[in-house]
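Reviewing the structure listed below.
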Amino acid sequence: MGKVYITTAIPYVNGVPHVGHAVDYLLADVCARYQKQLGNEVRFQAGTDEHGSKIWQKAKEQNIPVEEYVAANSKKFQDFISKLGVEYTDFVRTTDSDHQERVQKIWEKIKDHIYLAKYEGWYCSGCERFITDKEYEENNGVCPDHQKPYEKLEEENYYLKISDFKDQIRDAIESHKMLILPEFREKEILKLLEESPDVSISRPRSQLTWGIPVPGDDNQVMYVWMDALSNYITVLSYPDEDISNWWPAYAQFVGKDILRFHALIWPAILLALGLELPKTLSSHGMILANGQKMSKSIGNVIDPLEVLEKHGTEAFRYYFLRHVDTFADSDFTWEKFEDAYNNELANDLGNLVQRLSTMCKKNNFSLNHVPEIKLEKEYCDLMNEFRFKDAFDFAWEKVQAINKKIDDEKPWALAKEGNVEKLNQVLSGLVVNLLEVNELLKPFLPETSAKIAEIFTNEIMPPAEPLFPKK
RNA sequence: CGAGGGGUAGAGCAGCCUGGUAGCUCGUUUGGCUCAUAACCAAAAGGUCGCAAGUUCAAAUCUUGCCCCCUCAACCA
């Protein structure tokens, strides 16, 4: 059996967990659980991105030592991931000393592809950032936030020569050696690749204090790319240890907003290191609230912890894996969530478990032996193509089919007739069907799946509490 | 000339690449059943497939033009 490495994007810890982070974790978790189901050994990375001036400032504003600030926020994310029922094996914090040392070694290793260059542009000392020429023109040379004229500023940055690897990256994408999902994102990335300039990977220390120092240059600190992207391999102890057991990654899950960095900069780093590219980069969409992007200023941000609190992990997983598209943007509303919970989880699945187990109990039926269950090809194909929502749909149709079969076969009528042989035969078929479906649900709803297996193996007993009580 | 996605029944979506009776879920209406969480099953109503032109025996599907919405390009996941 193979070894499979799966990664998630590491969130920037200048805030609390967002409902959007959950999508990334859940998709990766479904992928991981499915791989385990197939018998593969899985390593699953998660982590937090903790450097940068934004975080430095936030900590300062709150009068907390920055180390404490990031530790507290990182903890929030770890708790969040656990509440989602996500089984990660490795957690990396970019402020870990191991990570920092390894990133510096990585920098040294790819030095041939790094050069120092001057950057000149318009700068706002209030915003502490460079602005584009376009922005400069739009604002007539004055920062609207600070009412200060922009200054011409020159600074030195280290650059990574993406240009050295463009051909290799394009080949990898086109040949699907590095598969980018969904397909339309692949097209987008290929276009971007052509225009992609070399990328700045450091900042002067005067501008960015909270970060990993560039080896051999006290004036420069690494900018986010080298620091954060490297996490996927530093967590495997690269370059201190051989990572060929796990690398290349089977799948890396990212949001569409950061796909470009994972599809352009990250491959360049890997190629510079002489490492293989990940086999798949799967990008998901954003969660909208009532069709609008969530933002603090509009005040429509959905707190994932509130959802988890109210309906629990399994309902959360259900909604975000089945009613949120695997690849495209999707809408979240409480109404949709509750409809899905009541009509589908409670009525379709919960009620099915209830009615079938009760019927078995009443008629004193139990399965003699649990047959070996094989996953269907159609389901496996969907899972292998990372079309998790479609695979979940496929499983759900089977749940509904069992409800129909019960109606068709009318076991209650057989019971009244006293046709025990036929009744047992029917119940046996139904229970086996349910156990088969249950296997398909396993990666999506692990707890529920375990409960159902428990209920229907050995002596069949209806659950003391309904699986999903209606709300 | 920046790039990408979308516009299909009241709502949310699939179908489009590989043209050939327009499909799914929810909602609505009606009927059935009683094992079950007032749950389950069935049937019906409901669509000029954004607009216009072209190719074709045949277009939601291919081509062209236009209109509208969204996203990314820049640190609000």
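Chain labels A, B, ... are given in the sequence in which chains occur in the structure tokens; within each chain residues are numbered consecutively from 1, and ligands are likewise numbered from 1 in the order shown.
The residue set within 10 Å of G19 in chain B, counting only C-alpha atoms (C1' of nucleotides) and dropping same-chain residues fewer than 5 places from it, reads U56, A58, A59, U61 and C62 of chain B.
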(request) Return the neighbours of chain A among the residues of chain B, cut-off 8 Å, counting only C-alpha atoms (C1' of nucleotides), as a VMD selection string. (result) chain B and resid 3 to 4 33 35 to 37 39 to 41 72 75 to 77
Take the residues from that selection and put them in a file with N, CA, C and O atoms (P, O5', C5', C4', C3', O3' and C1' of nucleotides), as a PDB file, in the first residue's frame.
ATOM      1  P     A B   3      -7.770  39.968 -21.819  1.00  0.00           P
ATOM      2  O5'   A B   3      -7.674  38.876 -20.667  1.00  0.00           O
ATOM      3  C5'   A B   3      -6.556  37.994 -20.601  1.00  0.00           C
ATOM      4  C4'   A B   3      -6.678  37.154 -19.360  1.00  0.00           C
ATOM      5  C3'   A B   3      -7.951  36.334 -19.248  1.00  0.00           C
ATOM      6  O3'   A B   3      -7.887  35.142 -20.000  1.00  0.00           O
ATOM      7  C1'   A B   3      -7.573  37.430 -17.206  1.00  0.00           C
ATOM      8  P     G B   4      -9.258  34.494 -20.548  1.00  0.00           P
ATOM      9  O5'   G B   4      -9.931  33.953 -19.211  1.00  0.00           O
ATOM     10  C5'   G B   4      -9.425  32.783 -18.587  1.00  0.00           C
ATOM     11  C4'   G B   4     -10.161  32.547 -17.306  1.00  0.00           C
ATOM     12  C3'   G B   4     -11.652  32.291 -17.421  1.00  0.00           C
ATOM     13  O3'   G B   4     -11.943  30.974 -17.845  1.00  0.00           O
ATOM     14  C1'   G B   4     -11.277  33.806 -15.677  1.00  0.00           C
ATOM     15  P     C B  33     -53.362   3.437   1.077  1.00  0.00           P
ATOM     16  O5'   C B  33     -51.931   3.226   1.745  1.00  0.00           O
ATOM     17  C5'   C B  33     -51.101   2.142   1.328  1.00  0.00           C
ATOM     18  C4'   C B  33     -49.768   2.257   2.026  1.00  0.00           C
ATOM     19  C3'   C B  33     -49.839   2.199   3.556  1.00  0.00           C
ATOM     20  O3'   C B  33     -49.846   0.849   3.995  1.00  0.00           O
ATOM     21  C1'   C B  33     -48.474   4.009   2.891  1.00  0.00           C
ATOM     22  P     C B  35     -47.078  -0.199  11.023  1.00  0.00           P
ATOM     23  O5'   C B  35     -45.534   0.128  11.294  1.00  0.00           O
ATOM     24  C5'   C B  35     -44.693  -0.795  11.961  1.00  0.00           C
ATOM     25  C4'   C B  35     -43.289  -0.399  11.655  1.00  0.00           C
ATOM     26  C3'   C B  35     -42.987   1.057  11.897  1.00  0.00           C
ATOM     27  O3'   C B  35     -42.733   1.261  13.260  1.00  0.00           O
ATOM     28  C1'   C B  35     -42.007   0.347   9.864  1.00  0.00           C
ATOM     29  P     A B  36     -43.187   2.589  13.986  1.00  0.00           P
ATOM     30  O5'   A B  36     -42.068   3.619  13.497  1.00  0.00           O
ATOM     31  C5'   A B  36     -40.714   3.454  13.909  1.00  0.00           C
ATOM     32  C4'   A B  36     -39.888   4.495  13.195  1.00  0.00           C
ATOM     33  C3'   A B  36     -40.356   5.925  13.451  1.00  0.00           C
ATOM     34  O3'   A B  36     -39.614   6.443  14.531  1.00  0.00           O
ATOM     35  C1'   A B  36     -40.084   5.528  11.111  1.00  0.00           C
ATOM     36  P     U B  37     -40.276   7.417  15.548  1.00  0.00           P
ATOM     37  O5'   U B  37     -39.779   8.814  14.995  1.00  0.00           O
ATOM     38  C5'   U B  37     -40.170  10.016  15.666  1.00  0.00           C
ATOM     39  C4'   U B  37     -39.657  11.173  14.852  1.00  0.00           C
ATOM     40  C3'   U B  37     -40.154  11.177  13.414  1.00  0.00           C
ATOM     41  O3'   U B  37     -41.167  12.179  13.292  1.00  0.00           O
ATOM     42  C1'   U B  37     -37.880  11.853  13.631  1.00  0.00           C
ATOM     43  P     A B  39     -42.432  16.407   8.384  1.00  0.00           P
ATOM     44  O5'   A B  39     -41.272  15.352   8.183  1.00  0.00           O
ATOM     45  C5'   A B  39     -41.410  14.311   7.281  1.00  0.00           C
ATOM     46  C4'   A B  39     -40.504  13.200   7.727  1.00  0.00           C
ATOM     47  C3'   A B  39     -40.303  12.132   6.684  1.00  0.00           C
ATOM     48  O3'   A B  39     -39.213  12.467   5.846  1.00  0.00           O
ATOM     49  C1'   A B  39     -40.971  11.127   8.700  1.00  0.00           C
ATOM     50  P     C B  40     -39.392  12.523   4.290  1.00  0.00           P
ATOM     51  O5'   C B  40     -39.640  11.007   3.921  1.00  0.00           O
ATOM     52  C5'   C B  40     -38.648  10.022   4.203  1.00  0.00           C
ATOM     53  C4'   C B  40     -39.164   8.677   3.772  1.00  0.00           C
ATOM     54  C3'   C B  40     -39.661   8.646   2.331  1.00  0.00           C
ATOM     55  O3'   C B  40     -38.605   8.388   1.439  1.00  0.00           O
ATOM     56  C1'   C B  40     -41.309   7.725   3.747  1.00  0.00           C
ATOM     57  P     C B  41     -38.651   8.983  -0.022  1.00  0.00           P
ATOM     58  O5'   C B  41     -39.794   8.152  -0.762  1.00  0.00           O
ATOM     59  C5'   C B  41     -39.622   6.762  -1.025  1.00  0.00           C
ATOM     60  C4'   C B  41     -40.847   6.224  -1.704  1.00  0.00           C
ATOM     61  C3'   C B  41     -41.302   7.008  -2.924  1.00  0.00           C
ATOM     62  O3'   C B  41     -40.586   6.627  -4.082  1.00  0.00           O
ATOM     63  C1'   C B  41     -43.153   6.614  -1.535  1.00  0.00           C
ATOM     64  P     C B  72     -12.032  38.237  -5.206  1.00  0.00           P
ATOM     65  O5'   C B  72     -10.778  37.982  -6.156  1.00  0.00           O
ATOM     66  C5'   C B  72     -10.042  36.762  -6.060  1.00  0.00           C
ATOM     67  C4'   C B  72      -9.058  36.674  -7.188  1.00  0.00           C
ATOM     68  C3'   C B  72      -8.071  37.822  -7.293  1.00  0.00           C
ATOM     69  O3'   C B  72      -7.016  37.711  -6.367  1.00  0.00           O
ATOM     70  C1'   C B  72      -8.909  37.327  -9.433  1.00  0.00           C
ATOM     71  P     C B  75      -2.039  40.928  -1.609  1.00  0.00           P
ATOM     72  O5'   C B  75      -3.309  40.934  -0.685  1.00  0.00           O
ATOM     73  C5'   C B  75      -3.589  39.837   0.175  1.00  0.00           C
ATOM     74  C4'   C B  75      -3.707  40.351   1.587  1.00  0.00           C
ATOM     75  C3'   C B  75      -4.431  41.690   1.630  1.00  0.00           C
ATOM     76  O3'   C B  75      -5.789  41.471   2.012  1.00  0.00           O
ATOM     77  C1'   C B  75      -2.392  41.755   2.856  1.00  0.00           C
ATOM     78  P     C B  76      -6.884  41.221   0.876  1.00  0.00           P
ATOM     79  O5'   C B  76      -7.941  40.372   1.575  1.00  0.00           O
ATOM     80  C5'   C B  76      -7.973  39.257   2.330  1.00  0.00           C
ATOM     81  C4'   C B  76      -8.632  39.592   3.656  1.00  0.00           C
ATOM     82  C3'   C B  76     -10.139  39.391   3.626  1.00  0.00           C
ATOM     83  O3'   C B  76     -10.472  38.068   3.977  1.00  0.00           O
ATOM     84  C1'   C B  76      -9.646  41.555   4.436  1.00  0.00           C
ATOM     85  P     A B  77     -10.799  37.604   5.527  1.00  0.00           P
ATOM     86  O5'   A B  77     -10.278  36.116   5.355  1.00  0.00           O
ATOM     87  C5'   A B  77      -9.242  35.503   6.024  1.00  0.00           C
ATOM     88  C4'   A B  77      -8.799  34.369   5.130  1.00  0.00           C
ATOM     89  C3'   A B  77      -8.595  34.782   3.681  1.00  0.00           C
ATOM     90  O3'   A B  77      -7.297  35.268   3.448  1.00  0.00           O
ATOM     91  C1'   A B  77     -10.044  32.932   3.772  1.00  0.00           C
TER      92        A B  77
END
Surrounding residues of A11 in chain B excluding itself and chain neighbours under 2 positions, 12 Å, only C-alpha atoms (C1' of nucleotides), as a PDB file with N, CA and C atoms (P, O5', C5', C4', C3', O3' and C1' of nucleotides), in the first residue's frame:
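Once everything was written out, this is result.pdb:
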ATOM      1  N   GLU A 335     -30.786  29.585   6.347  1.00  0.00           N
ATOM      2  CA  GLU A 335     -31.982  28.897   5.868  1.00  0.00           C
ATOM      3  C   GLU A 335     -31.611  27.641   5.081  1.00  0.00           C
ATOM      4  N   LYS A 336     -30.645  27.779   4.187  1.00  0.00           N
ATOM      5  CA  LYS A 336     -30.203  26.621   3.406  1.00  0.00           C
ATOM      6  C   LYS A 336     -29.627  25.558   4.315  1.00  0.00           C
TER       7      LYS A 336
ATOM      8  P     A B   9     -34.793  28.934 -15.251  1.00  0.00           P
ATOM      9  O5'   A B   9     -36.302  28.446 -15.283  1.00  0.00           O
ATOM     10  C5'   A B   9     -37.304  29.151 -14.584  1.00  0.00           C
ATOM     11  C4'   A B   9     -38.424  28.226 -14.233  1.00  0.00           C
ATOM     12  C3'   A B   9     -38.648  28.025 -12.720  1.00  0.00           C
ATOM     13  O3'   A B   9     -39.738  28.808 -12.241  1.00  0.00           O
ATOM     14  C1'   A B   9     -38.934  26.029 -13.973  1.00  0.00           C
ATOM     15  P     C B  13     -26.469  28.613  -7.687  1.00  0.00           P
ATOM     16  O5'   C B  13     -26.750  27.250  -8.447  1.00  0.00           O
ATOM     17  C5'   C B  13     -25.718  26.546  -9.092  1.00  0.00           C
ATOM     18  C4'   C B  13     -26.056  25.079  -9.115  1.00  0.00           C
ATOM     19  C3'   C B  13     -25.753  24.366 -10.429  1.00  0.00           C
ATOM     20  O3'   C B  13     -24.382  24.014 -10.507  1.00  0.00           O
ATOM     21  C1'   C B  13     -27.896  23.721  -9.673  1.00  0.00           C
ATOM     22  P     U B  25     -34.921  14.557  -7.547  1.00  0.00           P
ATOM     23  O5'   U B  25     -34.341  15.656  -6.559  1.00  0.00           O
ATOM     24  C5'   U B  25     -33.279  15.327  -5.663  1.00  0.00           C
ATOM     25  C4'   U B  25     -32.894  16.549  -4.879  1.00  0.00           C
ATOM     26  C3'   U B  25     -34.052  17.264  -4.184  1.00  0.00           C
ATOM     27  O3'   U B  25     -34.389  16.662  -2.950  1.00  0.00           O
ATOM     28  C1'   U B  25     -32.730  18.848  -5.321  1.00  0.00           C
ATOM     29  P     C B  26     -35.889  16.733  -2.456  1.00  0.00           P
ATOM     30  O5'   C B  26     -36.046  18.279  -2.083  1.00  0.00           O
ATOM     31  C5'   C B  26     -35.367  18.811  -0.947  1.00  0.00           C
ATOM     32  C4'   C B  26     -35.572  20.308  -0.893  1.00  0.00           C
ATOM     33  C3'   C B  26     -37.025  20.783  -0.852  1.00  0.00           C
ATOM     34  O3'   C B  26     -37.582  20.697   0.441  1.00  0.00           O
ATOM     35  C1'   C B  26     -35.809  22.076  -2.401  1.00  0.00           C
ATOM     36  P     G B  27     -39.164  20.438   0.591  1.00  0.00           P
ATOM     37  O5'   G B  27     -39.780  21.750  -0.067  1.00  0.00           O
ATOM     38  C5'   G B  27     -39.674  22.996   0.606  1.00  0.00           C
ATOM     39  C4'   G B  27     -40.321  24.073  -0.237  1.00  0.00           C
ATOM     40  C3'   G B  27     -41.761  23.805  -0.630  1.00  0.00           C
ATOM     41  O3'   G B  27     -42.661  24.183   0.389  1.00  0.00           O
ATOM     42  C1'   G B  27     -40.551  24.471  -2.541  1.00  0.00           C
TER      43        G B  27
END
(message) Could you tell me how far CA of Ser282 in chain A sits from CA of Gly85 in chain A, in Å to one decimal place?
(response)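 These atoms are spaced 20.6 Å apart.
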(message) I need the residue nearest Tyr69 in chain A from this list: A:Pro278, A:Lys3, A:Val16, A:Leu26. Use only C-alpha atoms for the distance.
(response)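 Under the stated criterion, the closest residue is A:Val16.
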(message) I want to know what sits within 7 Å of range 45-50 of chain B, based on only C-alpha atoms (C1' of nucleotides), with residues of the same chain fewer than 5 positions away left out; could you give that as a VMD selection string?
(response) chain B and resid 7 to 9 60
Dump of N, CA, C and O atoms (P, O5', C5', C4', C3', O3' and C1' of nucleotides) for the selected residues, as a compact mmCIF listing (two decimals), in the first residue's frame:
# COMPACT_ATOMS: atom_id res chain seq x y z
P G B 7 -24.65 29.38 -16.53
O5' G B 7 -25.61 30.63 -16.48
C5' G B 7 -26.59 30.79 -15.40
C4' G B 7 -27.26 32.13 -15.63
C3' G B 7 -28.29 32.15 -16.75
O3' G B 7 -29.62 32.33 -16.26
C1' G B 7 -26.71 33.94 -16.96
P U B 8 -30.39 31.29 -15.40
O5' U B 8 -30.68 30.09 -16.41
C5' U B 8 -31.59 30.29 -17.48
C4' U B 8 -32.17 28.97 -17.89
C3' U B 8 -32.88 28.21 -16.78
O3' U B 8 -34.21 28.65 -16.63
C1' U B 8 -31.41 26.74 -17.88
P A B 9 -34.79 28.93 -15.25
O5' A B 9 -36.30 28.45 -15.28
C5' A B 9 -37.30 29.15 -14.58
C4' A B 9 -38.42 28.23 -14.23
C3' A B 9 -38.65 28.02 -12.72
O3' A B 9 -39.74 28.81 -12.24
C1' A B 9 -38.93 26.03 -13.97
P A B 60 -32.00 24.44 -28.52
O5' A B 60 -31.38 24.82 -27.10
C5' A B 60 -31.13 26.17 -26.77
C4' A B 60 -30.06 26.27 -25.71
C3' A B 60 -28.67 25.85 -26.17
O3' A B 60 -27.98 26.95 -26.71
C1' A B 60 -29.21 24.75 -24.15
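For the set B:G20, B:G10, B:G2, B:G32, the residue with the smallest atom-to-atom gap to A73 in chain B is B:G2, counting only C-alpha atoms (C1' of nucleotides).
Inside range 278-403 of chain A, the residues DSSP reads as strand (DSSP E) when given the backbone are Thr280, Leu281, Ser282, Ser283, His284, Ile287, Leu288, Ala289, Gln292, Lys293, Ser330, Asp331 and Phe332 of chain A.
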Take the residues that were just selected and, keeping N, CA, C and O atoms, output them as an mmCIF file, in the first residue's frame.
data_model
loop_
_atom_site.group_PDB
_atom_site.id
_atom_site.type_symbol
_atom_site.label_atom_id
_atom_site.label_comp_id
_atom_site.auth_asym_id
_atom_site.auth_seq_id
_atom_site.Cartn_x
_atom_site.Cartn_y
_atom_site.Cartn_z
ATOM 1 N N THR A 280 -1.143 16.970 -7.573
ATOM 2 C CA THR A 280 -2.393 17.701 -7.799
ATOM 3 C C THR A 280 -2.459 18.947 -6.938
ATOM 4 O O THR A 280 -2.108 18.911 -5.755
ATOM 5 N N LEU A 281 -2.894 20.024 -7.559
ATOM 6 C CA LEU A 281 -3.220 21.244 -6.823
ATOM 7 C C LEU A 281 -4.716 21.456 -7.004
ATOM 8 O O LEU A 281 -5.179 21.737 -8.103
ATOM 9 N N SER A 282 -5.458 21.282 -5.937
ATOM 10 C CA SER A 282 -6.901 21.411 -6.053
ATOM 11 C C SER A 282 -7.348 22.727 -5.418
ATOM 12 O O SER A 282 -7.043 22.989 -4.259
ATOM 13 N N SER A 283 -8.036 23.533 -6.193
ATOM 14 C CA SER A 283 -8.434 24.834 -5.661
ATOM 15 C C SER A 283 -9.939 24.927 -5.509
ATOM 16 O O SER A 283 -10.685 24.549 -6.410
ATOM 17 N N HIS A 284 -10.352 25.402 -4.366
ATOM 18 C CA HIS A 284 -11.788 25.540 -4.109
ATOM 19 C C HIS A 284 -12.193 27.010 -4.148
ATOM 20 O O HIS A 284 -11.349 27.896 -4.105
ATOM 21 N N ILE A 287 -16.732 31.026 0.094
ATOM 22 C CA ILE A 287 -18.085 30.929 0.635
ATOM 23 C C ILE A 287 -18.686 32.323 0.655
ATOM 24 O O ILE A 287 -18.107 33.250 1.211
ATOM 25 N N LEU A 288 -19.839 32.460 0.049
ATOM 26 C CA LEU A 288 -20.526 33.743 0.049
ATOM 27 C C LEU A 288 -21.638 33.701 1.087
ATOM 28 O O LEU A 288 -22.192 32.649 1.368
ATOM 29 N N ALA A 289 -21.940 34.857 1.643
ATOM 30 C CA ALA A 289 -23.061 34.950 2.564
ATOM 31 C C ALA A 289 -24.178 35.689 1.847
ATOM 32 O O ALA A 289 -24.014 36.854 1.508
ATOM 33 N N GLN A 292 -23.136 37.420 -1.283
ATOM 34 C CA GLN A 292 -22.135 38.486 -1.187
ATOM 35 C C GLN A 292 -20.882 37.960 -0.531
ATOM 36 O O GLN A 292 -20.931 37.064 0.301
ATOM 37 N N LYS A 293 -19.786 38.554 -0.910
ATOM 38 C CA LYS A 293 -18.545 38.211 -0.250
ATOM 39 C C LYS A 293 -18.647 38.613 1.220
ATOM 40 O O LYS A 293 -19.186 39.657 1.545
ATOM 41 N N SER A 330 -19.683 29.216 -3.469
ATOM 42 C CA SER A 330 -20.996 28.737 -3.033
ATOM 43 C C SER A 330 -21.556 29.647 -1.961
ATOM 44 O O SER A 330 -20.824 30.325 -1.259
ATOM 45 N N ASP A 331 -22.836 29.601 -1.856
ATOM 46 C CA ASP A 331 -23.525 30.476 -0.935
ATOM 47 C C ASP A 331 -23.813 29.767 0.383
ATOM 48 O O ASP A 331 -24.122 28.582 0.400
ATOM 49 N N PHE A 332 -23.695 30.489 1.455
ATOM 50 C CA PHE A 332 -24.139 29.970 2.742
ATOM 51 C C PHE A 332 -25.242 30.872 3.272
ATOM 52 O O PHE A 332 -25.088 32.090 3.335
#
(message) Which residues are near Leu264 in chain A? Cut-off 10 Å, only C-alpha atoms (C1' of nucleotides), ignore same chain within fewer than 4 positions. Put them as number ranges by chain.
(response) A: 162, 165-166, 169-170, 189-190, 192-193, 196, 199, 259-260, 268-269
Next, dump the selected residues to file, keeping only C-alpha atoms, as a PDB file, in the first residue's frame.
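Below is the file part.pdb, written as the result:
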ATOM      1  CA  ILE A 162      10.705  32.338 -11.945  1.00  0.00           C
ATOM      2  CA  PHE A 165      11.591  27.512 -14.629  1.00  0.00           C
ATOM      3  CA  LYS A 166       8.743  28.743 -16.764  1.00  0.00           C
ATOM      4  CA  ILE A 169       6.293  24.574 -15.027  1.00  0.00           C
ATOM      5  CA  ARG A 170       4.273  24.956 -18.205  1.00  0.00           C
ATOM      6  CA  ILE A 189      -2.798  29.799 -14.534  1.00  0.00           C
ATOM      7  CA  LEU A 190      -1.247  28.988 -17.892  1.00  0.00           C
ATOM      8  CA  LEU A 192      -0.665  34.000 -15.890  1.00  0.00           C
ATOM      9  CA  LEU A 193       2.498  31.975 -16.174  1.00  0.00           C
ATOM     10  CA  SER A 196       4.649  36.169 -14.550  1.00  0.00           C
ATOM     11  CA  VAL A 199       9.010  37.555  -7.702  1.00  0.00           C
ATOM     12  CA  LEU A 259      -3.731  29.138  -6.221  1.00  0.00           C
ATOM     13  CA  ARG A 260      -1.475  31.335  -8.308  1.00  0.00           C
ATOM     14  CA  ALA A 268       9.758  27.361  -8.982  1.00  0.00           C
ATOM     15  CA  ILE A 269      11.070  26.822  -5.457  1.00  0.00           C
TER      16      ILE A 269
END
(request) Determine, counting only C-alpha atoms (C1' of nucleotides), which protein, DNA and RNA residues have an atom within 12 Å of an atom of Arg93 in chain A; residues of the same chain fewer than 3 positions away are not included. Present the result as a ChimeraX atom specification. (result) /A:9-13,45-51,67,70-75,77-78,90,96-100,227-232,234-235
(message) Please determine, counting only C-alpha atoms (C1' of nucleotides), which residue among B:C51, B:C70, B:A43, B:C17 has the shortest atom-to-atom distance to G31 in chain B.
(response) B:A43
(request) For each of A:Val30, A:Gln104, A:Lys416, A:Thr7, take the minimum atom-to-atom distance to Asn384 in chain A, counting only C-alpha atoms, then give the residue where this is smallest. (result)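 The closest residue to Asn384 in chain A is A:Val30.
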(message) For the structure I just gave you, how does DSSP split range 348-423 of chain A - specifically, which residues are helix (DSSP H, G or I)? Reply as an MDAnalysis selection string.
(response) chainID A and resid 348:362 377:384 388:409 411:417 420:423
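With CA of Pro443 in chain A on one side and CA of Glu344 in chain A on the other, the separation reads 17.7 Å.
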(message) I'd like the neighbourhood of Lys398 in chain A as a VMD selection string, where a residue qualifies if any of its atoms comes within 12 Å (using only C-alpha atoms (C1' of nucleotides)), though same-chain residues fewer than 2 positions away should be ignored.
(response) chain A and resid 348 to 349 352 376 379 391 to 396 400 to 405 430 433 to 441
(request) Determine the nearest neighbour of Ala464 in chain A from the options A:Pro215, A:Lys451, A:Phe388, A:Tyr115, counting only C-alpha atoms. (result)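 Among the listed residues, the smallest separation from Ala464 in chain A belongs to A:Lys451.
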